Structure formats: C-alpha cells, structure tokens
$ cat structure-v9.pdb   # PDB, C-alpha atoms
ATOM      1  CA  MET A   1     -87.961   9.808   1.892  1.00  0.00           C
ATOM      2  CA  SER A   2     -84.212  10.547   1.779  1.00  0.00           C
ATOM      3  CA  ASP A   3     -82.763  13.516   3.670  1.00  0.00           C
ATOM      4  CA  LEU A   4     -81.844  15.062   0.333  1.00  0.00           C
ATOM      5  CA  ASN A   5     -85.378  14.853  -1.022  1.00  0.00           C
ATOM      6  CA  GLN A   6     -86.669  16.371   2.228  1.00  0.00           C
ATOM      7  CA  GLN A   7     -84.244  19.276   1.901  1.00  0.00           C
ATOM      8  CA  LEU A   8     -85.158  19.777  -1.742  1.00  0.00           C
ATOM      9  CA  LEU A   9     -88.793  20.028  -0.762  1.00  0.00           C
ATOM     10  CA  GLU A  10     -87.978  22.426   2.060  1.00  0.00           C
ATOM     11  CA  PHE A  11     -86.107  24.577  -0.463  1.00  0.00           C
ATOM     12  CA  ASP A  12     -89.200  24.542  -2.700  1.00  0.00           C
ATOM     13  CA  LEU A  13     -87.483  22.484  -5.405  1.00  0.00           C
ATOM     14  CA  LYS A  14     -89.747  19.892  -6.961  1.00  0.00           C
ATOM     15  CA  GLN A  15     -88.993  16.266  -6.115  1.00  0.00           C
ATOM     16  CA  ASN A  16     -87.472  14.635  -9.197  1.00  0.00           C
ATOM     17  CA  TYR A  17     -85.312  11.977  -7.623  1.00  0.00           C
ATOM     18  CA  LYS A  18     -85.852   8.527  -9.096  1.00  0.00           C
ATOM     19  CA  ASP A  19     -83.918   5.284  -9.239  1.00  0.00           C
ATOM     20  CA  GLU A  20     -81.248   5.551  -6.576  1.00  0.00           C
ATOM     21  CA  ASP A  21     -81.280   9.346  -6.344  1.00  0.00           C
ATOM     22  CA  PHE A  22     -80.728  10.205  -9.998  1.00  0.00           C
ATOM     23  CA  TYR A  23     -82.051  13.742 -10.278  1.00  0.00           C
ATOM     24  CA  VAL A  24     -84.049  14.195 -13.471  1.00  0.00           C
ATOM     25  CA  ASN A  25     -84.439  17.597 -15.071  1.00  0.00           C
ATOM     26  CA  LYS A  26     -84.314  19.095 -18.559  1.00  0.00           C
ATOM     27  CA  SER A  27     -80.514  18.704 -18.793  1.00  0.00           C
ATOM     28  CA  ASN A  28     -80.731  14.907 -18.738  1.00  0.00           C
ATOM     29  CA  PHE A  29     -84.421  14.144 -19.309  1.00  0.00           C
ATOM     30  CA  TYR A  30     -84.066  12.763 -22.843  1.00  0.00           C
ATOM     31  CA  ALA A  31     -81.350  10.290 -21.850  1.00  0.00           C
ATOM     32  CA  PHE A  32     -83.276   9.230 -18.752  1.00  0.00           C
ATOM     33  CA  SER A  33     -86.522   8.824 -20.695  1.00  0.00           C
ATOM     34  CA  LEU A  34     -84.819   6.447 -23.133  1.00  0.00           C
ATOM     35  CA  ILE A  35     -83.568   4.317 -20.248  1.00  0.00           C
ATOM     36  CA  GLU A  36     -87.144   4.182 -18.977  1.00  0.00           C
ATOM     37  CA  LYS A  37     -88.522   3.500 -22.452  1.00  0.00           C
ATOM     38  CA  TRP A  38     -86.482   0.320 -23.074  1.00  0.00           C
ATOM     39  CA  PRO A  39     -87.096  -1.939 -25.014  1.00  0.00           C
ATOM     40  CA  ARG A  40     -89.210   0.408 -27.130  1.00  0.00           C
ATOM     41  CA  TRP A  41     -86.209   2.021 -28.800  1.00  0.00           C
ATOM     42  CA  GLU A  42     -86.270   3.089 -32.435  1.00  0.00           C
ATOM     43  CA  LYS A  43     -82.835   1.512 -32.889  1.00  0.00           C
ATOM     44  CA  ASN A  44     -80.931  -1.188 -31.030  1.00  0.00           C
ATOM     45  CA  ILE A  45     -78.002   0.981 -30.002  1.00  0.00           C
ATOM     46  CA  LEU A  46     -78.239   3.997 -27.700  1.00  0.00           C
ATOM     47  CA  ASN A  47     -75.281   6.331 -27.245  1.00  0.00           C
ATOM     48  CA  ILE A  48     -75.495   8.564 -24.169  1.00  0.00           C
ATOM     49  CA  HIS A  49     -72.768  11.193 -24.293  1.00  0.00           C
ATOM     50  CA  GLY A  50     -71.693  14.132 -22.189  1.00  0.00           C
ATOM     51  CA  GLU A  51     -68.807  15.441 -20.149  1.00  0.00           C
ATOM     52  CA  LYS A  52     -67.236  13.577 -17.248  1.00  0.00           C
ATOM     53  CA  TYR A  53     -69.384  13.378 -14.081  1.00  0.00           C
ATOM     54  CA  CYS A  54     -72.580  14.283 -15.945  1.00  0.00           C
ATOM     55  CA  GLY A  55     -74.369  11.094 -14.847  1.00  0.00           C
ATOM     56  CA  LYS A  56     -73.726   8.644 -17.698  1.00  0.00           C
ATOM     57  CA  THR A  57     -72.420   5.945 -15.362  1.00  0.00           C
ATOM     58  CA  HIS A  58     -75.306   6.473 -12.950  1.00  0.00           C
ATOM     59  CA  LEU A  59     -77.806   6.039 -15.775  1.00  0.00           C
ATOM     60  CA  SER A  60     -76.065   2.930 -17.092  1.00  0.00           C
ATOM     61  CA  ASN A  61     -76.113   1.407 -13.600  1.00  0.00           C
ATOM     62  CA  ILE A  62     -79.855   2.044 -13.391  1.00  0.00           C
ATOM     63  CA  PHE A  63     -80.219   0.359 -16.786  1.00  0.00           C
ATOM     64  CA  LYS A  64     -78.067  -2.573 -15.699  1.00  0.00           C
ATOM     65  CA  LYS A  65     -80.045  -3.153 -12.522  1.00  0.00           C
ATOM     66  CA  LYS A  66     -83.451  -2.890 -14.199  1.00  0.00           C
ATOM     67  CA  ASN A  67     -82.653  -4.915 -17.303  1.00  0.00           C
ATOM     68  CA  LYS A  68     -79.918  -7.343 -16.210  1.00  0.00           C
ATOM     69  CA  ALA A  69     -77.330  -6.005 -18.626  1.00  0.00           C
ATOM     70  CA  PHE A  70     -73.758  -7.153 -19.112  1.00  0.00           C
ATOM     71  CA  LYS A  71     -71.475  -4.159 -18.461  1.00  0.00           C
ATOM     72  CA  ILE A  72     -67.858  -3.789 -19.554  1.00  0.00           C
ATOM     73  CA  LYS A  73     -65.400  -1.060 -20.526  1.00  0.00           C
ATOM     74  CA  ALA A  74     -65.482  -0.703 -24.300  1.00  0.00           C
ATOM     75  CA  ASN A  75     -61.726  -1.148 -24.786  1.00  0.00           C
ATOM     76  CA  GLU A  76     -61.840  -4.396 -22.762  1.00  0.00           C
ATOM     77  CA  PHE A  77     -64.487  -6.030 -24.929  1.00  0.00           C
ATOM     78  CA  ASN A  78     -62.956  -9.096 -26.626  1.00  0.00           C
ATOM     79  CA  GLN A  79     -63.871 -12.529 -27.980  1.00  0.00           C
ATOM     80  CA  GLU A  80     -64.382 -13.844 -24.454  1.00  0.00           C
ATOM     81  CA  SER A  81     -66.788 -10.972 -23.810  1.00  0.00           C
ATOM     82  CA  PHE A  82     -68.689 -12.010 -26.932  1.00  0.00           C
ATOM     83  CA  LYS A  83     -69.299 -15.431 -25.395  1.00  0.00           C
ATOM     84  CA  LYS A  84     -70.580 -13.876 -22.167  1.00  0.00           C
ATOM     85  CA  PHE A  85     -72.848 -11.497 -24.046  1.00  0.00           C
ATOM     86  CA  LYS A  86     -74.682 -14.383 -25.743  1.00  0.00           C
ATOM     87  CA  ILE A  87     -76.688 -15.090 -22.573  1.00  0.00           C
ATOM     88  CA  PHE A  88     -77.685 -11.435 -22.136  1.00  0.00           C
ATOM     89  CA  GLU A  89     -80.201  -9.321 -23.988  1.00  0.00           C
ATOM     90  CA  ASN A  90     -78.491  -6.054 -23.075  1.00  0.00           C
ATOM     91  CA  LEU A  91     -74.900  -4.836 -23.160  1.00  0.00           C
ATOM     92  CA  ILE A  92     -73.389  -1.675 -21.663  1.00  0.00           C
ATOM     93  CA  LEU A  93     -70.130  -0.392 -23.163  1.00  0.00           C
ATOM     94  CA  ASP A  94     -68.537   2.155 -20.851  1.00  0.00           C
ATOM     95  CA  ASP A  95     -65.878   4.777 -21.734  1.00  0.00           C
ATOM     96  CA  PHE A  96     -66.235   4.279 -25.477  1.00  0.00           C
ATOM     97  CA  ASP A  97     -63.456   5.932 -27.531  1.00  0.00           C
ATOM     98  CA  GLU A  98     -61.065   5.256 -30.426  1.00  0.00           C
ATOM     99  CA  LYS A  99     -59.173   2.587 -28.445  1.00  0.00           C
ATOM    100  CA  ILE A 100     -61.771  -0.090 -29.114  1.00  0.00           C
ATOM    101  CA  ASN A 101     -61.354  -3.094 -31.417  1.00  0.00           C
ATOM    102  CA  GLU A 102     -63.160  -1.708 -34.477  1.00  0.00           C
ATOM    103  CA  LYS A 103     -63.564  -4.994 -36.343  1.00  0.00           C
ATOM    104  CA  LEU A 104     -65.006  -6.654 -33.259  1.00  0.00           C
ATOM    105  CA  MET A 105     -67.323  -3.711 -32.619  1.00  0.00           C
ATOM    106  CA  TYR A 106     -68.521  -3.753 -36.215  1.00  0.00           C
ATOM    107  CA  THR A 107     -69.450  -7.422 -35.821  1.00  0.00           C
ATOM    108  CA  LEU A 108     -71.059  -6.715 -32.449  1.00  0.00           C
ATOM    109  CA  PHE A 109     -73.223  -3.904 -33.825  1.00  0.00           C
ATOM    110  CA  ASN A 110     -74.416  -6.116 -36.661  1.00  0.00           C
ATOM    111  CA  ILE A 111     -75.239  -8.983 -34.303  1.00  0.00           C
ATOM    112  CA  ALA A 112     -77.218  -6.606 -32.092  1.00  0.00           C
ATOM    113  CA  ASP A 113     -79.407  -5.792 -35.090  1.00  0.00           C
ATOM    114  CA  GLN A 114     -79.708  -9.383 -36.289  1.00  0.00           C
ATOM    115  CA  ASP A 115     -80.465 -10.947 -32.887  1.00  0.00           C
ATOM    116  CA  ARG A 116     -82.539  -8.047 -31.558  1.00  0.00           C
ATOM    117  CA  LYS A 117     -80.143  -7.324 -28.723  1.00  0.00           C
ATOM    118  CA  PHE A 118     -79.592  -3.885 -27.220  1.00  0.00           C
ATOM    119  CA  ILE A 119     -76.417  -1.906 -26.574  1.00  0.00           C
ATOM    120  CA  LEU A 120     -76.050   1.148 -24.339  1.00  0.00           C
ATOM    121  CA  ILE A 121     -72.868   3.107 -25.016  1.00  0.00           C
ATOM    122  CA  ASN A 122     -71.398   5.796 -22.744  1.00  0.00           C
ATOM    123  CA  SER A 123     -68.950   8.269 -24.260  1.00  0.00           C
ATOM    124  CA  LEU A 124     -67.669  11.794 -23.806  1.00  0.00           C
ATOM    125  CA  VAL A 125     -68.607  12.746 -27.384  1.00  0.00           C
ATOM    126  CA  PRO A 126     -71.049  11.149 -29.847  1.00  0.00           C
ATOM    127  CA  ILE A 127     -69.430   8.001 -31.224  1.00  0.00           C
ATOM    128  CA  ASN A 128     -70.165   9.103 -34.801  1.00  0.00           C
ATOM    129  CA  GLU A 129     -67.703  11.972 -34.205  1.00  0.00           C
ATOM    130  CA  LEU A 130     -64.831   9.661 -33.219  1.00  0.00           C
ATOM    131  CA  ASN A 131     -62.030   9.019 -35.719  1.00  0.00           C
ATOM    132  CA  PHE A 132     -62.318   5.345 -36.601  1.00  0.00           C
ATOM    133  CA  SER A 133     -59.974   3.881 -39.217  1.00  0.00           C
ATOM    134  CA  LEU A 134     -62.404   1.169 -40.343  1.00  0.00           C
ATOM    135  CA  LYS A 135     -64.732   2.886 -42.815  1.00  0.00           C
ATOM    136  CA  ASP A 136     -67.501   0.299 -42.446  1.00  0.00           C
ATOM    137  CA  PHE A 137     -67.579   0.821 -38.710  1.00  0.00           C
ATOM    138  CA  GLN A 138     -67.384   4.584 -39.078  1.00  0.00           C
ATOM    139  CA  SER A 139     -70.514   4.405 -41.206  1.00  0.00           C
ATOM    140  CA  ARG A 140     -72.197   1.923 -38.858  1.00  0.00           C
ATOM    141  CA  SER A 141     -71.532   4.125 -35.826  1.00  0.00           C
ATOM    142  CA  LYS A 142     -73.906   6.733 -37.238  1.00  0.00           C
ATOM    143  CA  ASN A 143     -76.881   4.392 -37.043  1.00  0.00           C
ATOM    144  CA  CYS A 144     -77.607   4.863 -33.331  1.00  0.00           C
ATOM    145  CA  ILE A 145     -79.870   6.853 -31.049  1.00  0.00           C
ATOM    146  CA  PHE A 146     -77.859   9.772 -29.675  1.00  0.00           C
ATOM    147  CA  ALA A 147     -78.751  11.340 -26.327  1.00  0.00           C
ATOM    148  CA  LYS A 148     -76.644  14.196 -25.006  1.00  0.00           C
ATOM    149  CA  ILE A 149     -76.595  15.116 -21.335  1.00  0.00           C
ATOM    150  CA  GLU A 150     -76.461  18.892 -21.448  1.00  0.00           C
ATOM    151  CA  ASN A 151     -74.543  21.195 -19.121  1.00  0.00           C
ATOM    152  CA  PRO A 152     -76.381  21.573 -15.796  1.00  0.00           C
ATOM    153  CA  ASP A 153     -78.861  24.393 -15.301  1.00  0.00           C
ATOM    154  CA  ASP A 154     -79.326  26.145 -11.943  1.00  0.00           C
ATOM    155  CA  GLU A 155     -81.824  23.562 -10.700  1.00  0.00           C
ATOM    156  CA  LEU A 156     -79.542  20.614 -11.416  1.00  0.00           C
ATOM    157  CA  MET A 157     -76.493  22.414 -10.008  1.00  0.00           C
ATOM    158  CA  PHE A 158     -78.454  23.050  -6.824  1.00  0.00           C
ATOM    159  CA  ALA A 159     -79.407  19.376  -6.554  1.00  0.00           C
ATOM    160  CA  ILE A 160     -75.837  18.165  -7.200  1.00  0.00           C
ATOM    161  CA  LEU A 161     -74.362  20.560  -4.649  1.00  0.00           C
ATOM    162  CA  LEU A 162     -76.990  19.793  -2.033  1.00  0.00           C
ATOM    163  CA  LYS A 163     -76.678  16.039  -2.445  1.00  0.00           C
ATOM    164  CA  ASN A 164     -72.901  16.092  -2.210  1.00  0.00           C
ATOM    165  CA  PHE A 165     -72.949  18.315   0.863  1.00  0.00           C
ATOM    166  CA  SER A 166     -75.572  16.017   2.386  1.00  0.00           C
ATOM    167  CA  ASP A 167     -73.465  12.937   1.597  1.00  0.00           C
ATOM    168  CA  ARG A 168     -70.593  14.585   3.467  1.00  0.00           C
ATOM    169  CA  GLN A 169     -72.909  15.460   6.367  1.00  0.00           C
ATOM    170  CA  ILE A 170     -72.361  19.155   5.729  1.00  0.00           C
ATOM    171  CA  THR A 171     -75.177  21.529   6.622  1.00  0.00           C
ATOM    172  CA  ILE A 172     -75.332  24.583   4.372  1.00  0.00           C
ATOM    173  CA  GLU A 173     -77.797  27.434   3.952  1.00  0.00           C
ATOM    174  CA  LYS A 174     -79.735  27.887   0.732  1.00  0.00           C
ATOM    175  CA  LYS A 175     -78.349  31.395   0.237  1.00  0.00           C
ATOM    176  CA  LEU A 176     -74.823  29.948   0.218  1.00  0.00           C
ATOM    177  CA  ILE A 177     -75.715  27.383  -2.448  1.00  0.00           C
ATOM    178  CA  ASP A 178     -77.358  30.138  -4.513  1.00  0.00           C
ATOM    179  CA  PHE A 179     -74.144  32.178  -4.227  1.00  0.00           C
ATOM    180  CA  ILE A 180     -72.025  29.211  -5.349  1.00  0.00           C
ATOM    181  CA  ILE A 181     -74.252  28.611  -8.385  1.00  0.00           C
ATOM    182  CA  LYS A 182     -73.852  32.237  -9.494  1.00  0.00           C
ATOM    183  CA  HIS A 183     -70.056  32.111  -9.289  1.00  0.00           C
ATOM    184  CA  ILE A 184     -69.056  28.606 -10.376  1.00  0.00           C
ATOM    185  CA  ASP A 185     -68.435  27.359 -13.926  1.00  0.00           C
ATOM    186  CA  ARG A 186     -71.425  25.557 -15.424  1.00  0.00           C
ATOM    187  CA  SER A 187     -69.555  22.276 -15.741  1.00  0.00           C
ATOM    188  CA  TYR A 188     -70.005  18.940 -13.950  1.00  0.00           C
ATOM    189  CA  GLY A 189     -66.257  18.567 -13.555  1.00  0.00           C
ATOM    190  CA  LYS A 190     -65.858  22.039 -12.056  1.00  0.00           C
ATOM    191  CA  ILE A 191     -68.746  21.428  -9.661  1.00  0.00           C
ATOM    192  CA  TYR A 192     -67.128  18.288  -8.274  1.00  0.00           C
ATOM    193  CA  GLU A 193     -63.714  19.969  -8.105  1.00  0.00           C
ATOM    194  CA  PHE A 194     -65.295  22.793  -6.123  1.00  0.00           C
ATOM    195  CA  ILE A 195     -67.067  20.404  -3.728  1.00  0.00           C
ATOM    196  CA  TYR A 196     -63.804  18.583  -3.025  1.00  0.00           C
ATOM    197  CA  LYS A 197     -61.919  21.858  -2.527  1.00  0.00           C
ATOM    198  CA  ILE A 198     -64.455  23.489  -0.205  1.00  0.00           C
ATOM    199  CA  ASP A 199     -64.737  20.325   1.882  1.00  0.00           C
ATOM    200  CA  GLU A 200     -60.938  20.233   2.154  1.00  0.00           C
ATOM    201  CA  ILE A 201     -60.740  23.898   3.237  1.00  0.00           C
ATOM    202  CA  SER A 202     -63.590  23.507   5.738  1.00  0.00           C
ATOM    203  CA  LEU A 203     -61.989  20.444   7.350  1.00  0.00           C
ATOM    204  CA  LYS A 204     -58.564  22.081   7.446  1.00  0.00           C
ATOM    205  CA  LYS A 205     -59.903  25.214   9.106  1.00  0.00           C
ATOM    206  CA  LYS A 206     -62.340  23.207  11.264  1.00  0.00           C
ATOM    207  CA  LYS A 207     -65.045  25.729  10.387  1.00  0.00           C
ATOM    208  CA  SER A 208     -68.515  25.512   8.923  1.00  0.00           C
ATOM    209  CA  ILE A 209     -68.905  26.662   5.343  1.00  0.00           C
ATOM    210  CA  ASP A 210     -69.533  30.398   5.069  1.00  0.00           C
ATOM    211  CA  PHE A 211     -69.090  33.077   2.407  1.00  0.00           C
ATOM    212  CA  LYS A 212     -65.395  33.484   3.278  1.00  0.00           C
ATOM    213  CA  ILE A 213     -64.637  29.771   2.757  1.00  0.00           C
ATOM    214  CA  ILE A 214     -66.712  29.695  -0.428  1.00  0.00           C
ATOM    215  CA  LYS A 215     -64.792  32.653  -1.875  1.00  0.00           C
ATOM    216  CA  GLU A 216     -61.490  30.991  -0.982  1.00  0.00           C
ATOM    217  CA  ALA A 217     -62.552  27.789  -2.726  1.00  0.00           C
ATOM    218  CA  LEU A 218     -63.732  29.717  -5.787  1.00  0.00           C
ATOM    219  CA  LYS A 219     -60.423  31.571  -5.943  1.00  0.00           C
ATOM    220  CA  ASP A 220     -58.443  28.315  -5.844  1.00  0.00           C
TER
END
$ encode --input "structure-v9.pdb" --output "structure tokens"
Amino acid sequence: MSDLNQQLLEFDLKQNYKDEDFYVNKSNFYAFSLIEKWPRWEKNILNIHGEKYCGKTHLSNIFKKKNKAFKIKANEFNQESFKKFKIFENLILDDFDEKINEKLMYTLFNIADQDRKFILINSLVPINELNFSLKDFQSRSKNCIFAKIENPDDELMFAILLKNFSDRQITIEKKLIDFIIKHIDRSYGKIYEFIYKIDEISLKKKKSIDFKIIKEALKD
C-alpha cells in the first residue's frame, strides 16, 4: 500500500486509488468508468474534457498502458501518423483544439467507424464546441461520447493536496489541509499553483508548513 493510501485511510477517507494512483471520485467517475469499460463503448470516439491538470493525461496514460494505444498530440497527427495507426486498435489524441488538420481528422473519424477502431480525445472543452471551418467535420465531431471531468469537490481536493505534499516529502496536519480547502479556489490549476507556491515559501523560510505560511501562500 502506498504512503498516500495509508494516510488517506488514517484520515478516514475511503481508499479509491486505482491504476497508478489515479484517485476516483464523483468528479471524474464517469470518465474513469468509460476507460474501464473499453471496448464496450456506445460509440468509437470518446472525448474526455476538462480544465488543465484535471487528470485527462493521467487517464489517457492508463488507457494507453492497458490497451496498447498509439498516443500523439492532435495537431501533430499527419499522414505518417495514419500509417502508424494502422497497426493499432486504439488511438489517443492529446490537446485537441482548432489547430488540427480538419480534413485528415474527418477521414480518421470515418475510418475509426468503418474499421471498428477506437479514439480517445483529450481537450479543454468538448470538441463539438470548437470552431471548425470544415462543416462536415463540425457535424462529425458531435457524434462522440462526451465525458467531462468536473471541478474537484472537497474529497478530491484533499486527495490532490495530500498526494502532492507526500510526493514532496512534506508532512502536514489534516487540519491544515482542511483550512486550505476552505480558502482555495475550486480549480485544478489554482490547486497546483498553490502547492508550488507554498512549497517555495516553506523552502525559502526553511520552516514546516503552518497556518502563517498557508495564509501567505493564499495571499500571493
């Protein structure tokens, strides 16, 4: 059992860590369940979307490891990538946005349906909300499974904070984490900014994290 899981149990937080310490709770359960459900998807293309740092990359790496997927940044997918994809059943397109080759993607989506291949797409927003110039692809982009990773609730924020402090070998009391959760923005990006800032302040002052350091980090 990892140190993090042990601490979660000691803090009376149920053990939900699976697949390389991805913490599953209601904020990300639907997306995670679809990764676990493969290949029993209702459609061949799954679009997991959510803000930066929400866990999309972590989930896609779990999918890649379990299902031997070919992974590439969406705007780097080209004709050579097409050739590589032929030997794979699964493709992961990371950082999907308007910068992709729309004609190539339209062909790719159609081939996925025809050849019963699967595509996992990571994006900040649902791809059917992106402004594509190719009307056929704009229409085709709506025919996917959409799974949003929601903003973190208290339980997930606690797990993220605890894991990151543990990774940095920082010991912190539960009451301090509870205080942070009550005063920090409910955003994955803000959580990671805060972790970086408080670690920086603690190292600079050569002091353990306490309420004073937390308040300084929150103020910054």
$ residues_around --input "structure-v9.pdb" --residues "segment 149-158 of chain A" --least-positions-apart "5" --cutoff "8 Å" --atoms "all atoms listed in the file" --output "JSON, numbers by chain"
{"A": [13, 23, 25, 27, 28, 30, 31, 48, 49, 50, 51, 54, 55, 56, 177, 178, 181, 186, 187, 188, 191]}
$ residues_around --input "structure-v9.pdb" --residues "Phe118 of chain A" --least-positions-apart "6" --cutoff "6 Å" --atoms "all atoms listed in the file" --output "VMD selection string"
chain A and resid 44 to 45 90
$ atom_distance --input "structure-v9.pdb" --atom1 "atom CA of Lys52 of chain A" --atom2 "atom CA of Glu193 of chain A"
11.7 Å
$ atom_distance --input "structure-v9.pdb" --atom1 "atom CA of Phe29 of chain A" --atom2 "atom CA of Leu91 of chain A"
21.6 Å
$ residues_around --input "structure-v9.pdb" --residues "Glu36 of chain A" --least-positions-apart "6" --cutoff "10 Å" --atoms "all atoms listed in the file" --output "ChimeraX atom specification"
/A:30,62-63,66
$ write_last_selection --input "structure-v9.pdb" --atoms "C-alpha atoms" --output "short mmCIF file (atom, residue, chain, number, x, y, z; two decimals), in the coordinates of the input"
data_model
loop_
_atom_site.label_atom_id
_atom_site.label_comp_id
_atom_site.auth_asym_id
_atom_site.auth_seq_id
_atom_site.Cartn_x
_atom_site.Cartn_y
_atom_site.Cartn_z
CA TYR A 30 -84.07 12.76 -22.84
CA ILE A 62 -79.86 2.04 -13.39
CA PHE A 63 -80.22 0.36 -16.79
CA LYS A 66 -83.45 -2.89 -14.20
#
$ closest_residue --input "structure-v9.pdb" --among "A:Phe109, A:Phe146, A:Tyr192, A:Phe82" --to "Trp41 of chain A" --atoms "only C-alpha atoms"
A:Phe146
$ resolve_selection --input "structure-v9.pdb" --expression "the PyMOL selection byres ((chain A and resi 129) around 10)" --output "ChimeraX atom specification"
/A:97,125-128,130-132,138,141-142
$ atom_distance --input "structure-v9.pdb" --atom1 "atom CA of Glu200 of chain A" --atom2 "atom CA of Tyr53 of chain A"
19.5 Å
$ residues_around --input "structure-v9.pdb" --residues "Tyr196 of chain A" --least-positions-apart "2" --cutoff "12 Å" --atoms "all atoms listed in the file" --output "PyMOL selection string"
chain A and resi 161+164-165+168+189-194+198-203+214+217-218+220
$ decode --input "structure-v9.pdb" --residues "segment 199-216 of chain A" --atoms "N, CA and C atoms" --output "CSV table (one decimal), in the first residue's frame"
chain,number,residue,atom,x,y,z
A,199,ASP,N,5.2,25.4,-1.3
A,199,ASP,CA,6.5,24.6,-1.2
A,199,ASP,C,7.6,25.6,-1.4
A,200,GLU,N,7.5,26.6,-2.3
A,200,GLU,CA,8.5,27.6,-2.5
A,200,GLU,C,8.8,28.4,-1.2
A,201,ILE,N,7.7,28.9,-0.6
A,201,ILE,CA,7.8,29.7,0.6
A,201,ILE,C,8.4,28.9,1.8
A,202,SER,N,7.9,27.6,1.9
A,202,SER,CA,8.4,26.8,3.0
A,202,SER,C,9.9,26.5,2.9
A,203,LEU,N,10.4,26.2,1.7
A,203,LEU,CA,11.8,26.0,1.4
A,203,LEU,C,12.6,27.3,1.7
A,204,LYS,N,12.1,28.4,1.2
A,204,LYS,CA,12.8,29.7,1.4
A,204,LYS,C,12.9,30.0,2.8
A,205,LYS,N,11.9,29.8,3.6
A,205,LYS,CA,11.9,30.2,5.0
A,205,LYS,C,12.5,29.0,5.9
A,206,LYS,N,12.7,27.9,5.2
A,206,LYS,CA,13.3,26.7,5.9
A,206,LYS,C,12.4,26.4,7.2
A,207,LYS,N,11.1,26.4,7.0
A,207,LYS,CA,10.1,26.1,8.0
A,207,LYS,C,9.1,25.2,7.6
A,208,SER,N,8.6,24.4,8.5
A,208,SER,CA,7.5,23.5,8.2
A,208,SER,C,6.2,24.3,7.9
A,209,ILE,N,5.3,23.7,7.1
A,209,ILE,CA,4.1,24.4,6.8
A,209,ILE,C,3.2,24.6,8.0
A,210,ASP,N,2.8,25.8,8.2
A,210,ASP,CA,1.9,26.1,9.3
A,210,ASP,C,0.8,27.1,8.8
A,211,PHE,N,-0.1,27.6,9.7
A,211,PHE,CA,-1.1,28.5,9.2
A,211,PHE,C,-0.6,29.8,8.7
A,212,LYS,N,0.5,30.3,9.2
A,212,LYS,CA,1.1,31.5,8.8
A,212,LYS,C,1.6,31.4,7.3
A,213,ILE,N,2.3,30.3,7.0
A,213,ILE,CA,2.8,30.1,5.7
A,213,ILE,C,1.7,29.8,4.7
A,214,ILE,N,0.6,29.1,5.1
A,214,ILE,CA,-0.5,28.9,4.3
A,214,ILE,C,-1.2,30.2,3.9
A,215,LYS,N,-1.4,31.1,4.9
A,215,LYS,CA,-2.0,32.4,4.6
A,215,LYS,C,-1.2,33.2,3.7
A,216,GLU,N,0.1,33.1,3.8
A,216,GLU,CA,1.0,33.9,2.9
A,216,GLU,C,0.9,33.4,1.5
